[in-house]
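Quick look at structure_10.txt (compact mmCIF, C-alpha atoms):
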```txt
# COMPACT_ATOMS: atom_id res chain seq x y z
CA MET L 22 84.07 99.76 116.52
CA TYR L 23 81.76 100.21 113.57
CA VAL L 24 83.69 99.57 110.33
CA LEU L 25 82.54 100.08 106.77
CA VAL L 26 84.50 98.28 104.06
CA ILE L 27 83.94 99.49 100.49
CA GLY L 28 84.72 96.84 97.88
CA CYS L 29 84.69 93.11 98.58
CA GLY L 30 87.57 91.94 96.42
CA ARG L 31 90.55 90.04 97.84
CA THR L 32 91.67 92.95 99.97
CA GLY L 33 88.25 94.12 101.15
CA SER L 34 86.98 90.64 101.92
CA SER L 35 90.15 89.75 103.86
CA ILE L 36 89.95 92.92 105.93
CA ALA L 37 86.20 92.54 106.57
CA SER L 38 86.60 88.89 107.58
CA LEU L 39 89.52 89.59 109.91
CA LEU L 40 87.86 92.57 111.61
CA SER L 41 84.62 90.65 112.03
CA LYS L 42 86.61 87.83 113.64
CA GLN L 43 88.17 90.39 115.99
CA GLY L 44 84.69 91.35 117.17
CA GLU L 45 84.21 94.61 115.25
CA ASP L 46 80.83 95.49 113.71
CA VAL L 47 81.50 95.29 109.98
CA VAL L 48 79.44 96.31 106.95
CA VAL L 49 80.77 95.50 103.47
CA VAL L 50 79.55 97.19 100.28
CA ASP L 51 80.02 95.80 96.78
CA ARG L 52 78.09 96.17 93.55
CA ASN L 53 78.51 92.49 92.64
CA LYS L 54 76.62 90.02 94.79
CA SER L 55 79.07 87.24 93.95
CA SER L 56 81.91 89.19 95.59
CA PHE L 57 80.42 88.50 99.02
CA ARG L 58 81.30 84.83 98.57
CA LYS L 59 84.90 85.78 99.29
CA LEU L 60 83.98 86.62 102.88
CA SER L 61 84.95 84.10 105.52
CA ALA L 62 82.21 81.60 106.47
CA LYS L 63 82.44 83.05 109.99
CA PHE L 64 81.76 86.64 108.87
CA THR L 65 79.01 87.99 111.13
CA GLY L 66 78.63 91.49 109.66
CA PHE L 67 76.24 92.90 107.09
CA THR L 68 76.56 93.10 103.33
CA VAL L 69 75.09 95.92 101.26
CA LEU L 70 74.67 95.41 97.51
CA GLY L 71 75.14 98.63 95.54
CA ASP L 72 77.39 101.27 94.06
CA ALA L 73 79.31 103.06 96.80
CA THR L 74 79.37 106.30 94.81
CA GLU L 75 75.59 106.58 95.36
CA ILE L 76 74.58 108.42 98.50
CA GLU L 77 71.60 106.10 99.17
CA VAL L 78 73.96 103.14 99.28
CA LEU L 79 76.24 104.95 101.72
CA GLU L 80 73.22 105.96 103.83
CA GLU L 81 71.99 102.37 103.89
CA SER L 82 75.47 101.34 105.03
CA LYS L 83 75.17 103.81 107.94
CA LEU L 84 78.21 105.84 106.91
CA ASP L 85 77.12 108.53 109.41
CA LYS L 86 77.64 106.13 112.32
CA THR L 87 80.94 104.70 111.10
CA ASP L 88 84.20 104.94 113.07
CA LEU L 89 86.40 103.63 110.28
CA VAL L 90 85.93 103.40 106.53
CA VAL L 91 88.27 101.20 104.50
CA VAL L 92 88.02 101.91 100.77
CA THR L 93 89.33 99.10 98.58
CA THR L 94 87.63 99.03 95.17
CA ASP L 95 89.77 98.43 92.08
CA ASP L 96 89.13 101.95 90.79
CA ASP L 97 91.29 104.77 92.16
CA ASN L 98 88.74 107.39 91.07
CA VAL L 99 85.84 105.66 92.82
CA ASN L 100 88.01 105.27 95.90
CA ALA L 101 88.93 108.95 95.91
CA MET L 102 85.30 109.98 95.61
CA VAL L 103 84.08 107.70 98.40
CA ALA L 104 86.96 108.70 100.67
CA GLN L 105 86.19 112.37 100.14
CA ILE L 106 82.48 111.91 100.87
CA ALA L 107 83.28 109.92 104.02
CA SER L 108 85.89 112.33 105.30
CA GLU L 109 84.44 115.71 104.34
CA ILE L 110 80.66 115.27 104.25
CA TYR L 111 80.12 112.56 106.86
CA GLU L 112 83.18 113.55 108.90
CA VAL L 113 84.17 109.95 109.54
CA GLU L 114 87.16 110.07 111.86
CA LYS L 115 89.29 107.39 110.24
CA VAL L 116 89.36 106.81 106.51
CA VAL L 117 91.85 104.45 104.90
CA VAL L 118 92.12 104.11 101.13
CA ARG L 119 93.93 101.58 99.02
CA ILE L 120 95.79 103.21 96.14
CA ILE L 121 96.26 101.09 93.02
CA ASP L 122 98.46 103.52 91.08
CA PRO L 123 101.01 105.02 93.52
CA GLU L 124 101.01 108.24 91.44
CA LYS L 125 97.38 108.81 92.46
CA LYS L 126 98.53 109.54 95.99
CA VAL L 127 98.54 113.28 95.18
CA ILE L 128 94.73 113.24 95.04
CA TYR L 129 94.71 112.79 98.79
CA LYS L 130 97.23 115.44 99.80
CA ASP L 131 94.60 117.85 101.16
CA LEU L 132 92.32 115.19 102.60
CA ASP L 133 92.49 113.81 106.11
CA VAL L 134 92.67 110.19 104.96
CA MET L 135 95.33 107.53 105.29
CA THR L 136 96.54 105.95 102.06
CA MET L 137 98.04 102.51 101.56
CA SER L 138 99.58 101.34 98.31
CA PRO L 139 100.13 97.59 97.98
CA THR L 140 102.68 98.22 95.22
CA SER L 141 104.70 100.59 97.41
CA LEU L 142 104.45 98.20 100.37
CA LEU L 143 105.76 95.35 98.22
CA VAL L 144 108.58 97.39 96.73
CA ASP L 145 109.65 98.69 100.16
CA ASN L 146 109.50 95.20 101.59
CA LEU L 147 111.58 93.73 98.81
CA ILE L 148 114.18 96.50 98.87
CA GLY L 149 114.45 95.98 102.65
CA GLN L 150 114.91 92.26 102.16
CA ILE L 151 117.64 92.83 99.57
CA GLY L 152 119.36 95.16 102.03
CA ASN L 153 119.33 92.37 104.63
CA TRP L 154 120.80 89.90 102.15
CA SER L 155 123.65 92.18 101.21
CA LYS L 156 124.61 92.39 104.91
CA GLU L 157 124.85 88.57 105.17
CA MET U 2 124.71 92.09 92.16
CA TYR U 3 123.17 90.90 88.91
CA VAL U 4 119.36 91.18 89.14
CA LEU U 5 116.75 89.94 86.68
CA VAL U 6 113.28 91.45 86.97
CA ILE U 7 110.48 89.59 85.16
CA GLY U 8 107.54 91.82 84.27
CA CYS U 9 107.79 95.59 83.92
CA GLY U 10 104.43 96.68 85.36
CA ARG U 11 104.18 99.09 88.28
CA THR U 12 105.87 96.71 90.69
CA GLY U 13 108.57 95.42 88.34
CA SER U 14 109.45 98.83 86.95
CA SER U 15 109.67 100.37 90.45
CA ILE U 16 111.93 97.59 91.69
CA ALA U 17 114.13 97.68 88.58
CA SER U 18 114.46 101.47 88.74
CA LEU U 19 115.31 101.49 92.44
CA LEU U 20 117.87 98.69 92.20
CA SER U 21 119.48 100.30 89.17
CA LYS U 22 119.72 103.54 91.15
CA GLN U 23 121.38 101.60 93.97
CA GLY U 24 124.08 100.50 91.54
CA GLU U 25 122.96 96.94 90.85
CA ASP U 26 123.19 95.45 87.35
CA VAL U 27 119.57 95.07 86.33
CA VAL U 28 117.90 93.34 83.39
CA VAL U 29 114.12 93.66 82.93
CA VAL U 30 112.03 91.35 80.78
CA ASP U 31 108.56 92.15 79.45
CA ARG U 32 106.59 91.04 76.44
CA ASN U 33 105.20 94.53 75.78
CA LYS U 34 107.68 97.12 74.60
CA SER U 35 105.54 99.97 75.96
CA SER U 36 105.95 98.62 79.52
CA PHE U 37 109.58 99.72 79.53
CA ARG U 38 108.39 103.35 79.49
CA LYS U 39 107.53 102.91 83.16
CA LEU U 40 111.22 102.60 84.01
CA SER U 41 112.86 105.64 85.58
CA ALA U 42 114.67 107.97 83.13
CA LYS U 43 117.83 107.16 85.08
CA PHE U 44 117.53 103.39 84.62
CA THR U 45 120.91 102.16 83.37
CA GLY U 46 120.17 98.44 83.00
CA PHE U 47 119.09 96.36 80.02
CA THR U 48 115.62 95.55 78.73
CA VAL U 49 114.74 92.28 77.01
CA LEU U 50 111.55 92.11 74.97
CA GLY U 51 109.94 88.67 75.08
CA ASP U 52 107.90 86.05 76.90
CA ALA U 53 109.68 84.97 80.07
CA THR U 54 108.23 81.47 79.83
CA GLU U 55 110.43 80.89 76.75
CA ILE U 56 113.86 79.51 77.48
CA GLU U 57 115.55 81.58 74.75
CA VAL U 58 114.28 84.76 76.39
CA LEU U 59 115.61 83.63 79.75
CA GLU U 60 118.95 82.69 78.16
CA GLU U 61 119.17 86.10 76.48
CA SER U 62 118.52 87.66 79.89
CA LYS U 63 121.49 85.70 81.27
CA LEU U 64 119.44 83.87 83.86
CA ASP U 65 122.43 81.55 84.42
CA LYS U 66 124.54 84.45 85.73
CA THR U 67 121.81 85.98 87.90
CA ASP U 68 122.14 86.44 91.67
CA LEU U 69 118.53 87.47 92.21
CA VAL U 70 115.38 87.00 90.14
CA VAL U 71 112.30 89.05 91.00
CA VAL U 72 109.16 87.70 89.30
CA THR U 73 106.35 90.21 89.05
CA THR U 74 104.06 89.51 86.08
CA ASP U 75 100.30 89.79 86.56
CA ASP U 76 99.82 86.06 86.03
CA ASP U 77 100.37 83.76 89.01
CA ASN U 78 100.82 80.76 86.73
CA VAL U 79 103.49 82.43 84.60
CA ASN U 80 105.21 83.58 87.79
CA ALA U 81 105.21 80.08 89.24
CA MET U 82 106.67 78.62 86.04
CA VAL U 83 109.45 81.21 85.76
CA ALA U 84 110.28 80.92 89.48
CA GLN U 85 110.54 77.16 89.19
CA ILE U 86 112.81 77.34 86.12
CA ALA U 87 115.04 79.92 87.84
CA SER U 88 115.26 78.04 91.12
CA GLU U 89 115.42 74.41 89.98
CA ILE U 90 116.98 74.44 86.51
CA TYR U 91 119.25 77.48 86.68
CA GLU U 92 119.81 77.18 90.44
CA VAL U 93 119.54 80.92 90.99
CA GLU U 94 120.29 81.51 94.66
CA LYS U 95 117.60 84.09 95.40
CA VAL U 96 114.20 84.02 93.77
CA VAL U 97 111.39 86.32 94.90
CA VAL U 98 107.89 86.03 93.47
CA ARG U 99 104.94 88.34 93.75
CA ILE U 100 101.72 86.44 94.44
CA ILE U 101 98.51 88.03 93.18
CA ASP U 102 96.06 85.56 94.71
CA PRO U 103 97.25 84.77 98.26
CA GLU U 104 95.74 81.29 97.92
CA LYS U 105 98.32 80.50 95.24
CA LYS U 106 101.03 80.50 97.90
CA VAL U 107 100.70 76.71 98.19
CA ILE U 108 102.28 76.31 94.73
CA TYR U 109 105.58 77.39 96.26
CA LYS U 110 105.63 75.23 99.35
CA ASP U 111 108.27 72.82 98.03
CA LEU U 112 110.28 75.45 96.15
CA ASP U 113 113.18 77.42 97.56
CA VAL U 114 111.68 80.79 96.62
CA MET U 115 110.50 83.73 98.68
CA THR U 116 106.93 84.86 98.10
CA MET U 117 105.45 88.30 98.65
CA SER U 118 101.75 89.06 98.43
CA PRO U 119 100.80 92.73 98.15
CA THR U 120 97.28 91.90 99.33
CA SER U 121 98.58 90.17 102.46
CA LEU U 122 101.05 93.01 103.10
CA LEU U 123 98.27 95.57 102.86
CA VAL U 124 95.89 93.62 105.08
CA ASP U 125 98.61 93.02 107.70
CA ASN U 126 99.57 96.68 107.61
CA LEU U 127 96.03 97.89 108.02
CA ILE U 128 95.21 95.47 110.82
CA GLY U 129 98.40 96.63 112.58
CA GLN U 130 97.36 100.25 112.14
CA ILE U 131 93.91 99.55 113.58
CA GLY U 132 95.60 97.86 116.54
CA ASN U 133 97.62 101.04 117.14
CA TRP U 134 94.50 103.20 116.95
CA SER U 135 92.64 101.13 119.49
CA LYS U 136 95.56 101.65 121.94
CA GLU U 137 95.30 105.45 121.61
```

In structure tokens, what does this structure look like?
Amino acid sequence: MYVLVIGCGRTGSSIASLLSKQGEDVVVVDRNKSSFRKLSAKFTGFTVLGDATEIEVLEESKLDKTDLVVVTTDDDNVNAMVAQIASEIYEVEKVVVRIIDPEKKVIYKDLDVMTMSPTSLLVDNLIGQIGNWSKE
Amino acid sequence: MYVLVIGCGRTGSSIASLLSKQGEDVVVVDRNKSSFRKLSAKFTGFTVLGDATEIEVLEESKLDKTDLVVVTTDDDNVNAMVAQIASEIYEVEKVVVRIIDPEKKVIYKDLDVMTMSPTSLLVDNLIGQIGNWSKE
């Protein structure tokens, strides 16, 4: 599988490193060169330095050949824009976006992309755990 | 159950609002008054304005009577300090801490606290989802 990861922060670098380890072909895009240091030493994919809202950067990252795009920058608006370009213009089959502010989820209601909110995941997890405790 | 939530950002305010809705007695601490606006309109608990690393603030929040402390500030070092005070000095039975940087998990290895990392949750979730896709 050809995977494009947008944003090489903690989340993006972890995902890119894990998928590379699993044998996927991974390309990571970030506009700060130093971010690529977070990738695992065993990362065998490519890194592209640039702003993912620029079409040339996405072209260089071979967005048109991508099976899965994972969008993880710290900016919900950038993420929404990249996800929309990937899904609607390049017709990438699988697009996953991290949502920082859970209220931003509405942006994606008409787009064929999967959203994941770390805040919601944490809250759900904790509420589930509290439910288990109260059964003890 | 008497629950103390430290930090009223997105995570803290969501947890406090949900637990209050579930009928728990909730106290939320934050050092910025404006953070309390994130609480649900139906929140029926108490808010304490102050720095949770100060003992007086923790005393005012009745840490000694707390069944569960959920520590969610944006600072891993503050979180570690508050979790340690709650667990070791006040002997609170259940302490849950959000970890921003997954590498900080080591701080907690000798403490009887539960850690939750939104980054790790998101990465695990996504990797699981990709596993499901590849079975399709």

Neighbour list for stretch 16-25 of chain U as a PyMOL selection string, cut-off 12 Å, all atoms listed in the file, skip fewer than 4 positions in-chain:
(chain L and resi 140-149+151-152+155) or (chain U and resi 2-12+29-30+37-48+67-73+97+99)

Atom pair atom CA of U:Asn80 / atom CA of L:Pro139: separation (Å):
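Spanning atom CA of U:Asn80 to atom CA of L:Pro139 is a straight-line distance of 18.1 Å.
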
For the point (105.7, 86.5, 100.3) in file coordinates, what residues are within 8 Å, counting all atoms listed in the file? Give the answer as a PDB file with C-alpha atoms, in the frame of the given file?
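Once written, result18.pdb looks like this:
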```
ATOM      1  CA  VAL U  97     111.390  86.320  94.900  1.00  0.00           C
ATOM      2  CA  VAL U  98     107.890  86.030  93.470  1.00  0.00           C
ATOM      3  CA  ARG U  99     104.940  88.340  93.750  1.00  0.00           C
ATOM      4  CA  ILE U 100     101.720  86.440  94.440  1.00  0.00           C
ATOM      5  CA  LYS U 106     101.030  80.500  97.900  1.00  0.00           C
ATOM      6  CA  MET U 115     110.500  83.730  98.680  1.00  0.00           C
ATOM      7  CA  THR U 116     106.930  84.860  98.100  1.00  0.00           C
ATOM      8  CA  MET U 117     105.450  88.300  98.650  1.00  0.00           C
ATOM      9  CA  SER U 118     101.750  89.060  98.430  1.00  0.00           C
TER      10      SER U 118
END
```

Residues within 8 Å of U:Ala81, all atoms listed in the file, excluding chain neighbours under 4 positions, as a list of chain:residue names:
U:Asp77, U:Gln85, U:Val98, U:Ile108, U:Tyr109

Counting all atoms listed in the file, figure out which residue out of L:Glu109, L:Glu114, L:Ile76, L:Gln150 gets nearest to L:Leu132.
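So, comparing all the options, the nearest one is L:Glu109.
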
Would you please work out which residue, of U:Asp102, U:Leu59, U:Glu92, U:Leu50, is nearest to chain L when using only C-alpha atoms?
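Using only C-alpha atoms, the shortest distance to chain L belongs to U:Asp102.
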
Please measure the separation of atom CA of L:Tyr111 and atom CA of L:Val134, giving the value in Å to one decimal.
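Rounded to one decimal, the two atoms are 12.9 Å apart.
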
Once 3 Å is added on each side, what centre and edge lengths in Å to one decimal does the axis-aligned box around all listed atoms of stretch 24-37 of chain L have, as AutoDock Vina command-line options?
```
--center_x 87.1 --center_y 94.9 --center_z 103.4 --size_x 15.1 --size_y 16.3 --size_z 19.9
```

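With atom CA of U:Asp75 on one side and atom CA of U:Asn33 on the other, the separation reads 12.8 Å.
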
L:Glu75, L:Asp51, L:Glu124, L:Glu81: which is nearest chain U, counting only C-alpha atoms?
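Among L:Glu75, L:Asp51, L:Glu124, L:Glu81, it is L:Glu124 that comes nearest to chain U.
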
Among listed residues U:Asn133, U:Asn78, U:Ser88, U:Ser35, nearest U:Ser14 (using all atoms listed in the file):
U:Ser35

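With only C-alpha atoms as the basis for measurement, L:Ile121 is the residue among L:Asp72, L:Ile121, L:Glu77, L:Asp96 that approaches chain U most closely.
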
How would stretch 92-104 of chain U read, as a CSV table (one decimal), keeping the file's coordinate frame, once N, CA, C and O atoms are built in?
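The resulting file, selection03.csv, is reproduced below:
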```
chain,number,residue,atom,x,y,z
U,92,GLU,N,119.3,77.1,89.1
U,92,GLU,CA,119.8,77.2,90.4
U,92,GLU,C,120.2,78.6,90.9
U,92,GLU,O,121.3,78.8,91.5
U,93,VAL,N,119.3,79.5,90.5
U,93,VAL,CA,119.5,80.9,91.0
U,93,VAL,C,119.4,80.9,92.5
U,93,VAL,O,118.4,80.3,93.0
U,94,GLU,N,120.3,81.6,93.2
U,94,GLU,CA,120.3,81.5,94.7
U,94,GLU,C,119.1,82.2,95.3
U,94,GLU,O,118.5,81.6,96.2
U,95,LYS,N,118.7,83.4,94.8
U,95,LYS,CA,117.6,84.1,95.4
U,95,LYS,C,116.5,84.4,94.4
U,95,LYS,O,116.7,85.1,93.4
U,96,VAL,N,115.3,83.8,94.6
U,96,VAL,CA,114.2,84.0,93.8
U,96,VAL,C,113.0,84.6,94.6
U,96,VAL,O,112.7,84.0,95.6
U,97,VAL,N,112.5,85.7,94.2
U,97,VAL,CA,111.4,86.3,94.9
U,97,VAL,C,110.2,86.4,93.9
U,97,VAL,O,110.4,86.9,92.8
U,98,VAL,N,109.1,86.0,94.4
U,98,VAL,CA,107.9,86.0,93.5
U,98,VAL,C,106.8,86.8,94.1
U,98,VAL,O,106.5,86.7,95.3
U,99,ARG,N,106.2,87.7,93.3
U,99,ARG,CA,104.9,88.3,93.8
U,99,ARG,C,103.8,87.4,93.5
U,99,ARG,O,103.6,86.8,92.5
U,100,ILE,N,102.9,87.3,94.6
U,100,ILE,CA,101.7,86.4,94.4
U,100,ILE,C,100.5,87.4,94.4
U,100,ILE,O,100.3,88.2,95.2
U,101,ILE,N,99.7,87.2,93.3
U,101,ILE,CA,98.5,88.0,93.2
U,101,ILE,C,97.4,87.5,94.1
U,101,ILE,O,96.9,88.2,95.0
U,102,ASP,N,97.1,86.2,93.9
U,102,ASP,CA,96.1,85.6,94.7
U,102,ASP,C,96.7,84.8,95.9
U,102,ASP,O,97.4,83.8,95.7
U,103,PRO,N,96.5,85.4,97.1
U,103,PRO,CA,97.2,84.8,98.3
U,103,PRO,C,97.1,83.3,98.4
U,103,PRO,O,97.9,82.6,98.9
U,104,GLU,N,96.0,82.7,97.8
U,104,GLU,CA,95.7,81.3,97.9
U,104,GLU,C,96.7,80.5,97.0
U,104,GLU,O,96.9,79.3,97.2
```
